[in-house]
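Trainee: coords_25.txt is reproduced below (compact mmCIF, C-alpha atoms).
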```
# COMPACT_ATOMS: atom_id res chain seq x y z
CA MET W 556 20.96 5.97 17.02
CA SER W 557 21.88 8.40 14.27
CA GLY W 558 20.32 8.29 10.81
CA GLY W 559 23.28 6.46 9.31
CA ASP W 560 23.75 3.83 12.02
CA MET W 561 22.61 0.25 11.53
CA LEU W 562 21.09 -1.70 14.39
CA ASP W 563 22.35 -5.20 15.13
CA PHE W 564 19.32 -7.48 14.99
CA GLU W 565 19.06 -10.31 17.50
CA ILE W 566 17.73 -13.47 15.84
CA ARG W 567 15.45 -15.65 17.95
CA PRO W 568 14.13 -18.43 15.70
CA ASN W 569 10.62 -19.67 16.40
CA PRO W 570 11.03 -22.86 18.47
CA ALA W 571 7.75 -24.26 17.11
CA PRO W 572 7.42 -23.23 13.45
CA VAL W 573 4.57 -24.44 11.27
CA SER W 574 5.37 -27.88 9.87
CA VAL W 575 6.38 -28.29 6.24
CA ALA W 576 3.16 -30.17 5.46
CA ASP W 577 0.91 -27.62 7.18
CA ARG W 578 2.74 -24.73 5.51
CA ALA W 579 2.25 -26.33 2.10
CA ALA W 580 -1.47 -26.72 2.78
CA LEU W 581 -1.76 -23.06 3.81
CA LEU W 582 0.15 -21.86 0.75
CA ALA W 583 -2.15 -23.80 -1.59
CA ASN W 584 -4.83 -21.15 -1.10
CA PRO W 585 -3.63 -18.36 1.20
CA GLY W 586 -6.11 -15.70 0.13
CA PHE W 587 -5.08 -12.27 1.37
CA GLY W 588 -4.30 -11.27 4.94
CA ARG W 589 -5.50 -14.53 6.52
CA VAL W 590 -2.29 -16.58 6.81
CA PHE W 591 0.86 -15.41 8.59
CA THR W 592 4.46 -16.60 8.75
CA ASP W 593 6.42 -17.91 11.74
CA HIS W 594 8.28 -14.72 12.65
CA MET W 595 8.03 -10.97 13.12
CA VAL W 596 10.44 -8.08 13.57
CA THR W 597 10.21 -5.74 16.56
CA ILE W 598 12.16 -2.57 17.41
CA HIS W 599 11.46 -0.33 20.40
CA TYR W 600 11.83 3.43 20.65
CA ALA W 601 12.06 5.68 23.70
CA GLU W 602 12.56 9.43 23.86
CA GLY W 603 16.18 10.16 24.82
CA LYS W 604 17.26 6.61 24.01
CA GLY W 605 16.32 6.23 20.37
CA TRP W 606 15.71 2.95 18.59
CA TYR W 607 16.78 -0.13 20.54
CA ASP W 608 16.32 -3.88 21.07
CA PRO W 609 15.84 -4.92 17.41
CA ARG W 610 14.72 -8.53 17.15
CA VAL W 611 13.58 -11.17 14.73
CA GLU W 612 11.44 -13.43 16.87
CA ALA W 613 8.48 -15.79 16.88
CA ARG W 614 5.26 -14.13 15.77
CA ALA W 615 3.14 -13.66 18.89
CA ALA W 616 0.57 -11.42 20.50
CA ILE W 617 1.82 -7.99 21.56
CA PRO W 618 1.25 -7.13 25.24
CA LEU W 619 -0.59 -3.82 25.35
CA ASP W 620 -1.65 -1.77 28.36
CA PRO W 621 -5.24 -0.45 28.25
CA ALA W 622 -3.82 3.06 28.54
CA ALA W 623 -1.42 2.67 25.61
CA ALA W 624 -1.51 5.95 23.72
CA VAL W 625 -2.38 4.37 20.36
CA LEU W 626 -5.72 3.15 21.72
CA HIS W 627 -6.78 6.68 22.68
CA TYR W 628 -5.03 9.08 20.31
CA ALA W 629 -4.42 6.90 17.24
CA GLN W 630 -0.72 7.53 16.67
CA GLU W 631 -0.21 4.70 14.19
CA ILE W 632 1.24 4.35 10.69
CA PHE W 633 1.89 1.44 8.37
CA GLU W 634 3.22 0.38 4.98
CA GLY W 635 2.55 -2.46 2.57
CA LEU W 636 4.80 -4.09 -0.01
CA LYS W 637 5.50 -7.52 -1.44
CA ALA W 638 8.29 -10.05 -1.80
CA TYR W 639 8.24 -12.09 -5.01
CA ARG W 640 9.61 -15.52 -5.91
CA THR W 641 11.74 -15.40 -9.07
CA ALA W 642 12.12 -18.12 -11.68
CA ASP W 643 15.51 -19.17 -10.27
CA GLY W 644 14.09 -19.58 -6.76
CA GLY W 645 15.33 -16.26 -5.43
CA VAL W 646 13.28 -13.58 -3.70
CA THR W 647 12.99 -9.89 -4.58
CA LEU W 648 11.42 -6.74 -3.16
CA PHE W 649 9.96 -3.91 -5.22
CA ARG W 650 11.15 -0.41 -4.29
CA PRO W 651 11.51 -0.92 -0.51
CA GLU W 652 13.45 2.35 -0.18
CA ALA W 653 10.41 4.22 -1.50
CA ASN W 654 8.23 2.60 1.16
CA ALA W 655 10.84 3.51 3.78
CA THR W 656 10.82 7.15 2.67
CA ARG W 657 7.02 7.31 2.74
CA PHE W 658 6.99 5.64 6.17
CA ALA W 659 9.27 8.40 7.46
CA ALA W 660 7.04 11.07 5.93
CA SER W 661 3.99 9.52 7.59
CA ALA W 662 5.86 9.50 10.91
CA ARG W 663 6.64 13.21 10.60
CA ARG W 664 3.00 14.05 9.91
CA MET W 665 1.83 11.99 12.91
CA ALA W 666 4.48 13.46 15.25
CA MET W 667 6.24 10.10 15.56
CA PRO W 668 9.97 9.28 15.42
CA GLU W 669 11.40 8.52 11.98
CA LEU W 670 12.87 5.07 11.45
CA PRO W 671 16.02 5.40 9.28
CA VAL W 672 15.59 4.15 5.72
CA GLU W 673 18.45 1.66 6.12
CA THR W 674 16.88 0.13 9.23
CA PHE W 675 13.46 -0.12 7.58
CA VAL W 676 14.88 -1.95 4.55
CA GLU W 677 17.05 -4.19 6.72
CA SER W 678 14.02 -5.19 8.80
CA LEU W 679 12.34 -6.38 5.59
CA ARG W 680 15.42 -8.33 4.56
CA ARG W 681 15.56 -10.03 7.93
CA ILE W 682 12.00 -11.32 7.93
CA VAL W 683 12.18 -12.43 4.29
CA GLU W 684 15.44 -14.29 4.95
CA ILE W 685 14.10 -16.23 7.92
CA ASP W 686 10.64 -16.87 6.43
CA HIS W 687 11.64 -17.31 2.78
CA ASP W 688 9.92 -20.70 2.63
CA TRP W 689 6.63 -18.84 3.03
CA VAL W 690 7.06 -16.94 -0.26
CA PRO W 691 4.59 -18.70 -2.59
CA GLU W 692 5.62 -20.24 -5.87
CA GLY W 693 3.69 -19.59 -9.06
CA GLU W 694 2.57 -16.70 -11.17
CA ASP W 695 0.19 -15.01 -8.75
CA GLY W 696 1.70 -15.64 -5.33
CA SER W 697 3.65 -13.17 -3.21
CA LEU W 698 4.59 -12.52 0.41
CA TYR W 699 2.85 -9.38 1.64
CA LEU W 700 4.94 -7.44 4.16
CA ARG W 701 3.27 -5.16 6.69
CA PRO W 702 5.61 -2.82 8.60
CA PHE W 703 3.79 -0.69 11.16
CA MET W 704 4.50 1.51 14.16
CA PHE W 705 2.33 2.66 17.04
CA ALA W 706 2.51 4.69 20.24
CA SER W 707 3.04 2.25 23.11
CA GLU W 708 3.58 4.68 25.98
CA VAL W 709 1.14 4.23 28.86
CA PHE W 710 -0.51 7.60 29.52
CA LEU W 711 -3.64 9.65 28.95
CA GLY W 712 -3.07 13.11 27.53
CA VAL W 713 -3.12 14.81 24.14
CA ARG W 714 0.56 14.99 23.20
CA PRO W 715 2.98 12.93 21.10
CA ALA W 716 3.95 9.74 22.91
CA ASN W 717 7.49 9.15 24.14
CA GLU W 718 7.57 5.40 23.43
CA TYR W 719 6.81 3.46 20.25
CA LEU W 720 6.96 -0.06 18.87
CA TYR W 721 7.88 -0.84 15.25
CA VAL W 722 6.79 -4.26 13.96
CA VAL W 723 6.95 -6.16 10.67
CA ILE W 724 4.69 -9.13 10.01
CA ALA W 725 4.40 -11.15 6.81
CA SER W 726 1.46 -12.82 5.10
CA PRO W 727 1.57 -15.07 2.01
CA ALA W 728 -0.94 -13.91 -0.59
CA GLY W 729 -2.52 -15.59 -3.59
CA ALA W 730 -4.06 -14.08 -6.70
CA TYR W 731 -5.83 -10.79 -6.03
CA PHE W 732 -8.25 -11.57 -8.85
CA THR W 733 -9.92 -14.97 -9.26
CA GLY W 734 -10.50 -15.81 -12.90
CA GLY W 735 -8.26 -13.05 -14.23
CA VAL W 736 -8.29 -9.27 -14.13
CA LYS W 737 -11.78 -7.85 -14.46
CA PRO W 738 -12.97 -4.22 -14.56
CA VAL W 739 -14.44 -2.97 -11.30
CA THR W 740 -17.32 -0.59 -10.73
CA VAL W 741 -16.77 2.33 -8.37
CA TRP W 742 -19.19 4.41 -6.33
CA ALA W 743 -18.75 8.18 -6.26
CA SER W 744 -19.58 9.03 -2.67
CA PRO W 745 -21.94 12.02 -2.38
CA ASP W 746 -21.59 12.44 1.39
CA TYR W 747 -18.17 11.27 2.51
CA THR W 748 -14.70 12.66 1.79
CA ARG W 749 -11.37 10.97 2.46
CA ALA W 750 -9.17 13.90 3.46
CA ALA W 751 -9.06 17.68 3.59
CA PRO W 752 -6.22 20.15 2.97
CA GLY W 753 -3.99 20.24 6.02
CA GLY W 754 -5.19 16.82 7.15
CA THR W 755 -3.54 13.40 7.03
CA GLY W 756 -4.42 12.39 3.46
CA ALA W 757 -0.78 12.06 2.42
CA ALA W 758 0.10 9.92 5.45
CA LYS W 759 -0.46 6.18 5.52
CA CYS W 760 -2.20 6.06 8.86
CA GLY W 761 -4.96 3.77 10.02
CA GLY W 762 -7.36 6.62 10.72
CA ASN W 763 -7.64 7.43 7.01
CA TYR W 764 -8.80 3.90 6.29
CA ALA W 765 -11.16 3.78 9.26
CA ALA W 766 -12.79 6.96 7.96
CA SER W 767 -13.31 5.34 4.55
CA LEU W 768 -15.19 2.28 5.81
CA ALA W 769 -18.66 3.84 5.95
CA ALA W 770 -18.23 5.06 2.37
CA GLN W 771 -16.99 1.62 1.29
CA ALA W 772 -20.04 0.01 2.90
CA GLU W 773 -22.19 2.48 0.95
CA ALA W 774 -20.41 1.43 -2.24
CA ILE W 775 -21.06 -2.26 -1.58
CA GLU W 776 -24.72 -1.51 -0.89
CA ALA W 777 -24.87 0.23 -4.28
CA GLY W 778 -23.48 -2.89 -5.97
CA CYS W 779 -19.99 -1.47 -6.48
CA ASP W 780 -16.54 -2.84 -5.73
CA GLN W 781 -14.86 0.31 -4.43
CA VAL W 782 -15.54 3.90 -3.44
CA VAL W 783 -14.01 6.92 -5.16
CA PHE W 784 -13.74 10.14 -3.17
CA LEU W 785 -14.11 13.72 -4.35
CA ASP W 786 -12.22 16.65 -2.83
CA ALA W 787 -13.38 17.90 0.56
CA VAL W 788 -13.50 21.62 -0.38
CA GLU W 789 -15.60 21.82 -3.56
CA ARG W 790 -16.86 18.21 -3.76
CA ARG W 791 -15.96 18.51 -7.43
CA TYR W 792 -12.56 17.01 -8.17
CA VAL W 793 -11.51 13.35 -8.04
CA ASP W 794 -9.08 12.50 -5.23
CA GLU W 795 -8.55 8.73 -5.03
CA LEU W 796 -10.24 5.44 -4.26
CA GLY W 797 -10.55 3.99 -0.78
CA GLY W 798 -7.14 2.39 -1.07
CA MET W 799 -5.78 3.11 -4.56
CA ASN W 800 -4.74 6.00 -6.80
CA VAL W 801 -6.63 6.63 -10.03
CA PHE W 802 -5.53 7.31 -13.65
CA PHE W 803 -7.36 8.49 -16.78
CA VAL W 804 -6.35 7.56 -20.36
CA TYR W 805 -7.59 9.80 -23.19
CA ASP W 806 -7.93 9.26 -26.93
CA ASP W 807 -4.98 11.54 -27.69
CA GLY W 808 -2.56 9.38 -25.69
CA THR W 809 -2.67 11.58 -22.59
CA LEU W 810 -2.40 9.88 -19.20
CA VAL W 811 -3.74 12.00 -16.32
CA THR W 812 -3.77 11.51 -12.56
CA PRO W 813 -4.78 13.94 -9.80
CA PRO W 814 -1.84 15.90 -8.37
CA LEU W 815 -0.34 15.30 -4.94
CA THR W 816 -1.59 18.35 -3.07
CA GLY W 817 -1.60 16.82 0.42
CA THR W 818 -4.96 15.02 0.32
CA ILE W 819 -3.83 12.04 -1.77
CA LEU W 820 -1.50 9.24 -0.71
CA PRO W 821 1.70 9.31 -2.82
CA GLY W 822 1.47 5.71 -4.02
CA ILE W 823 4.62 3.76 -4.84
CA THR W 824 2.80 2.04 -7.70
CA ARG W 825 1.41 5.41 -8.81
CA ASP W 826 4.94 6.77 -9.14
CA ALA W 827 6.07 3.68 -11.05
CA VAL W 828 3.14 3.98 -13.47
CA LEU W 829 4.00 7.64 -14.15
CA THR W 830 7.60 6.66 -14.91
CA LEU W 831 6.75 3.69 -17.15
CA ALA W 832 4.10 5.66 -19.03
CA GLY W 833 6.62 8.42 -19.69
CA ASP W 834 9.13 5.83 -20.90
CA ALA W 835 6.47 4.56 -23.33
CA GLY W 836 5.99 8.01 -24.81
CA LEU W 837 2.63 8.85 -23.29
CA ASP W 838 1.87 12.46 -22.46
CA VAL W 839 1.83 12.20 -18.66
CA GLN W 840 0.02 14.93 -16.72
CA GLU W 841 -0.72 15.48 -13.06
CA ARG W 842 -3.71 17.79 -12.94
CA PRO W 843 -7.19 17.97 -11.38
CA VAL W 844 -10.01 15.99 -13.02
CA SER W 845 -13.55 16.98 -12.14
CA PHE W 846 -16.25 14.36 -11.76
CA ALA W 847 -18.38 16.23 -14.31
CA ASP W 848 -15.57 16.02 -16.89
CA TRP W 849 -15.02 12.33 -16.06
CA GLN W 850 -18.65 11.61 -16.92
CA ALA W 851 -18.81 13.85 -20.00
CA ASP W 852 -15.56 12.53 -21.47
CA ALA W 853 -16.59 8.91 -20.83
CA VAL W 854 -19.92 9.46 -22.58
CA SER W 855 -18.32 11.25 -25.55
CA GLY W 856 -15.63 8.60 -25.95
CA ARG W 857 -12.77 11.03 -25.42
CA LEU W 858 -11.92 9.17 -22.22
CA ARG W 859 -10.91 5.66 -23.27
CA GLU W 860 -9.70 4.00 -20.06
CA VAL W 861 -9.62 4.52 -16.31
CA PHE W 862 -7.65 2.41 -13.85
CA ALA W 863 -6.69 2.30 -10.20
CA CYS W 864 -3.32 1.20 -8.88
CA GLY W 865 -1.81 0.06 -5.61
CA THR W 866 0.37 -2.61 -4.02
CA ALA W 867 -2.30 -5.29 -3.60
CA ALA W 868 -3.88 -5.29 -7.06
CA VAL W 869 -1.06 -3.56 -9.01
CA VAL W 870 -3.25 -2.07 -11.78
CA THR W 871 -7.03 -2.53 -11.80
CA PRO W 872 -9.25 -1.43 -14.73
CA ILE W 873 -12.34 0.60 -13.83
CA GLY W 874 -15.24 -0.24 -16.12
CA GLY W 875 -18.10 1.75 -14.65
CA VAL W 876 -19.05 4.52 -12.23
CA ARG W 877 -22.23 4.83 -10.19
CA PHE W 878 -23.51 7.82 -8.25
CA PRO W 879 -26.89 8.76 -6.75
CA ASP W 880 -28.24 10.19 -10.02
CA GLY W 881 -27.11 7.47 -12.39
CA GLU W 882 -24.12 5.60 -13.82
CA PHE W 883 -21.85 5.48 -16.86
CA LEU W 884 -19.36 3.12 -18.48
CA ILE W 885 -15.79 3.75 -19.56
CA GLY W 886 -14.61 2.24 -22.86
CA GLY W 887 -17.59 -0.07 -23.03
CA GLY W 888 -16.73 -1.51 -19.63
CA GLU W 889 -13.81 -3.58 -20.95
CA PRO W 890 -10.13 -3.44 -19.87
CA GLY W 891 -8.16 -1.02 -22.04
CA ARG W 892 -4.90 -1.65 -23.89
CA VAL W 893 -2.83 0.93 -22.01
CA THR W 894 -4.15 -0.31 -18.67
CA MET W 895 -3.28 -3.93 -19.35
CA GLU W 896 0.11 -3.17 -20.91
CA LEU W 897 1.16 -1.08 -17.92
CA ARG W 898 -0.08 -3.76 -15.56
CA GLN W 899 1.86 -6.51 -17.35
CA GLN W 900 5.02 -4.44 -17.51
CA LEU W 901 4.90 -3.76 -13.78
CA VAL W 902 4.23 -7.40 -12.92
CA ASP W 903 7.10 -8.57 -15.12
CA ILE W 904 9.52 -6.11 -13.52
CA GLN W 905 8.42 -7.03 -10.00
CA ARG W 906 8.94 -10.73 -10.69
CA GLY W 907 12.27 -10.31 -12.42
CA ARG W 908 11.01 -11.29 -15.87
CA ALA W 909 11.69 -7.96 -17.56
CA ALA W 910 14.45 -5.38 -17.66
CA ASP W 911 14.58 -3.08 -14.63
CA PRO W 912 16.04 0.16 -16.06
CA HIS W 913 15.21 2.21 -12.97
CA GLY W 914 16.74 -0.16 -10.42
CA TRP W 915 13.49 -0.78 -8.57
CA VAL W 916 13.95 -4.46 -7.78
CA VAL W 917 16.04 -5.39 -4.72
CA ARG W 918 17.34 -8.95 -4.53
CA VAL W 919 17.03 -10.45 -1.04
CA LEU W 920 17.88 -14.11 -1.72
```
Could you show the structure in this file as C-alpha cells?
Mentor:
Amino acid sequence: MSGGDMLDFEIRPNPAPVSVADRAALLANPGFGRVFTDHMVTIHYAEGKGWYDPRVEARAAIPLDPAAAVLHYAQEIFEGLKAYRTADGGVTLFRPEANATRFAASARRMAMPELPVETFVESLRRIVEIDHDWVPEGEDGSLYLRPFMFASEVFLGVRPANEYLYVVIASPAGAYFTGGVKPVTVWASPDYTRAAPGGTGAAKCGGNYAASLAAQAEAIEAGCDQVVFLDAVERRYVDELGGMNVFFVYDDGTLVTPPLTGTILPGITRDAVLTLAGDAGLDVQERPVSFADWQADAVSGRLREVFACGTAAVVTPIGGVRFPDGEFLIGGGEPGRVTMELRQQLVDIQRGRAADPHGWVVRVL
C-alpha cells in the first residue's frame, strides 16, 4: 500500500452489542478508561506485504503468542484524542491529522512501519461512526479514542519486527475534574528523569510512561497530584510533567514553554495553546526555564501563572510545587486568568461552540 492509497475497511458489526439500557447506565458515570464501546478497528502489517486486512469488528481480546516481539523488546506506540458531541447531535474530532502525523513520527523513532495519515484518520471515522451512540451527551463528556500499534511477530532477537498490529479502541469519558477545575500540586523529582537527548522522549511510546511511574508514585507519597521532570543532563531545566506539557505566564504578558529539543513530547494541545496565545497577542516564547528561576519568579510575583496541558485534562492550572527542600505557590495557588481563558477557548472550539479559524475541528457525523 502506497502512502496515498486508502484501504477498504471490512465492517463486521458486533452481533451482541451492549443493550440500550445498559449503555445508558454506563454512560451516566463512565469515569476515564474503565468503560469501552462495542467495536474496535484492526489493521495488520507484514514486511513485503504492507498494510492489509483492515476491519471494524467486535471488541475482543487479542490473541498474542508468548514470544510476540512487543512483550520482549517493547516496540509499541499509541495516541490519544477525543470525539465530542455537538449541540446539534453531531460528532467532531479535534485535529486528528496532527495525531496521525505524530503517530508516524513515533513509528519512525521506534523502527516501526508508518501508517499513512489518511488511513489513521479514516480508522477514527470508522469507529466513531459505528459507535456514535457511545459518545456522551453533556458539557463534560467525550469519547476517548486510543489508536495503538505493536510488534506482533513471533521471534526472539534484537531487531525491528516484521509484523505489526494496529488497533483503535474507544472509551466514553466523563468530567476529568469533579467539582470544577482546581489547581494541582506537582512534585519536582530529584532522582528520576523522563528522557535524555537521543532517547525516545519525543515519541509517544509506552516505555516512556512506564519509566515515569516510580516518579509518579513518589509524587503521590509527597502529597502531590503529578510529577514534573527536569532535564537529564544538568538536572536544572524543566522538561514536562508525567503526561502533560507545561507553560509559564509572566507579569509582562509573556507565555513561555520549554522548547522541543527531542526530550519533550510535541503535544497537540501544546501546539494549539501556542497558536491561540499568539492570536490573543501574548508574547509567546519557546525557551528553557530552570527550576531555580521557576521558584525565584514565583516567590517574587513575576511569575503569575503556570499550567499543564494535554488531551485528557485540556488545560490544568498548577498552584504549587514541592521538592525535597521545600515548596512554593504560584499566584497564591489560585487558577489564573490566562490559564482559564485559554482552557475555555479550547473547550469551546473542540465542542463546536466557538469559531474555528485554524480548521482544527473535523466533523464526523
Trainee: For a quick check of understanding, using all atoms listed in the file, which of W:Ala863, W:Leu837, W:Val782, W:Ala642 has the smallest distance to W:Pro813?
Mentor: W:Ala863
Trainee: Would you please work out which residue, of W:Val625, W:Met667, W:Ile819, W:Ala571, is nearest to W:Val793 when using only C-alpha atoms?
Mentor: W:Ile819
Trainee: Give me, as a ChimeraX atom specification, all polymer residues having an atom no more than 10 Å from W:Pro879, counting only C-alpha atoms and skipping those fewer than 4 positions away in the same chain.
Mentor: /W:742-745,777
Trainee: Which residue out of W:Arg842, W:Arg906, W:His913, W:Arg859 has the minimum interatomic distance to W:Gly887 when only C-alpha atoms are used?
Mentor: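 Checking each of W:Arg842, W:Arg906, W:His913, W:Arg859 against W:Gly887, counting only C-alpha atoms, the winner is W:Arg859.
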Trainee: Which distance in Å separates atom CA of W:Thr740 and atom CA of W:Gly586, to one decimal?
Mentor: 21.7 Å
Trainee: Please, which residues in stretch 663-682 of chain W fall within 12 Å of stretch 759-775 of chain W when counting only C-alpha atoms, and what is the closest atom pair and distance in Å to one decimal for each, ordered by chain then residue number, as a Markdown table?
Mentor:
```
| residue | atom | partner | partner_atom | distance |
| --- | --- | --- | --- | --- |
| W:Arg663 | CA | W:Lys759 | CA | 11.2 |
| W:Arg664 | CA | W:Cys760 | CA | 9.6 |
| W:Met665 | CA | W:Cys760 | CA | 8.2 |
| W:Ala666 | CA | W:Cys760 | CA | 11.8 |
| W:Met667 | CA | W:Cys760 | CA | 11.5 |
```
Trainee: For W:Glu776, which residue out of W:Ala757, W:Val741, W:Leu815, W:Ala835 is the nearest one, using only C-alpha atoms?
Mentor: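 Closest residue, counting only C-alpha atoms: W:Val741.
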Trainee: Determine the nearest neighbour of W:Gly822 from the options W:Gly888, W:Gly635, W:Gly735, W:Pro609, counting all atoms listed in the file.
Mentor: W:Gly635
Trainee: Separation of atom CA of W:Arg610 and atom CA of W:Phe564, in Å?
Mentor: 5.2 Å
Trainee: Could you tell me how far atom CA of W:Lys637 lies from atom CA of W:Thr830, in Å and to one decimal?
Mentor: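 Those two atoms sit 19.7 Å apart.
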Trainee: Between W:Val854, W:Leu831, W:Ile904, W:Val690, single out the one closest to W:Arg640, counting all atoms listed in the file.
Mentor: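 Of W:Val854, W:Leu831, W:Ile904, W:Val690, the one nearest W:Arg640, counting all atoms listed in the file, is W:Val690.
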Trainee: Within 12 Å of W:Pro715, counting all atoms listed in the file, which residues show up once you throw out same-chain ones fewer than 6 positions away? Write them as a PDB file with C-alpha atoms, keeping the file's coordinate frame, please.
Mentor:
```pdb
ATOM      1  CA  ALA W 601      12.060   5.680  23.700  1.00  0.00           C
ATOM      2  CA  GLU W 602      12.560   9.430  23.860  1.00  0.00           C
ATOM      3  CA  ALA W 624      -1.510   5.950  23.720  1.00  0.00           C
ATOM      4  CA  VAL W 625      -2.380   4.370  20.360  1.00  0.00           C
ATOM      5  CA  HIS W 627      -6.780   6.680  22.680  1.00  0.00           C
ATOM      6  CA  TYR W 628      -5.030   9.080  20.310  1.00  0.00           C
ATOM      7  CA  ALA W 629      -4.420   6.900  17.240  1.00  0.00           C
ATOM      8  CA  GLN W 630      -0.720   7.530  16.670  1.00  0.00           C
ATOM      9  CA  GLU W 631      -0.210   4.700  14.190  1.00  0.00           C
ATOM     10  CA  ALA W 662       5.860   9.500  10.910  1.00  0.00           C
ATOM     11  CA  ARG W 663       6.640  13.210  10.600  1.00  0.00           C
ATOM     12  CA  ARG W 664       3.000  14.050   9.910  1.00  0.00           C
ATOM     13  CA  MET W 665       1.830  11.990  12.910  1.00  0.00           C
ATOM     14  CA  ALA W 666       4.480  13.460  15.250  1.00  0.00           C
ATOM     15  CA  MET W 667       6.240  10.100  15.560  1.00  0.00           C
ATOM     16  CA  PRO W 668       9.970   9.280  15.420  1.00  0.00           C
ATOM     17  CA  PHE W 705       2.330   2.660  17.040  1.00  0.00           C
ATOM     18  CA  ALA W 706       2.510   4.690  20.240  1.00  0.00           C
ATOM     19  CA  SER W 707       3.040   2.250  23.110  1.00  0.00           C
ATOM     20  CA  GLU W 708       3.580   4.680  25.980  1.00  0.00           C
ATOM     21  CA  VAL W 709       1.140   4.230  28.860  1.00  0.00           C
TER      22      VAL W 709
END
```
Trainee: So that I can check the surroundings of W:Phe784, please list as a PyMOL selection string every protein, DNA and RNA residue that reaches within 8 Å of it, counting only C-alpha atoms and ignoring chain neighbours fewer than 5 positions away.
Mentor: chain W and resi 743-744+747-749+793-797
Trainee: Would you list the residues near (13.7, -21.2, -8.1), meaning any protein, DNA or RNA residue with an atom at most 12 Å from that point in file coordinates, counting all atoms listed in the file, as a list in words?
Mentor: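 Looking at atoms near the point gives Tyr639, Arg640, Thr641, Ala642, Asp643, Gly644, Gly645, Val646, Thr647, His687, Asp688, Val690, Pro691, Glu692, Gly693, Arg906, Gly907 and Leu920 of chain W.
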Trainee: Near W:Ala827, counting all atoms listed in the file, which residues have an atom at most 10 Å away, once you skip same-chain residues fewer than 2 positions from it, shown as a count of residues only?
Mentor: 15
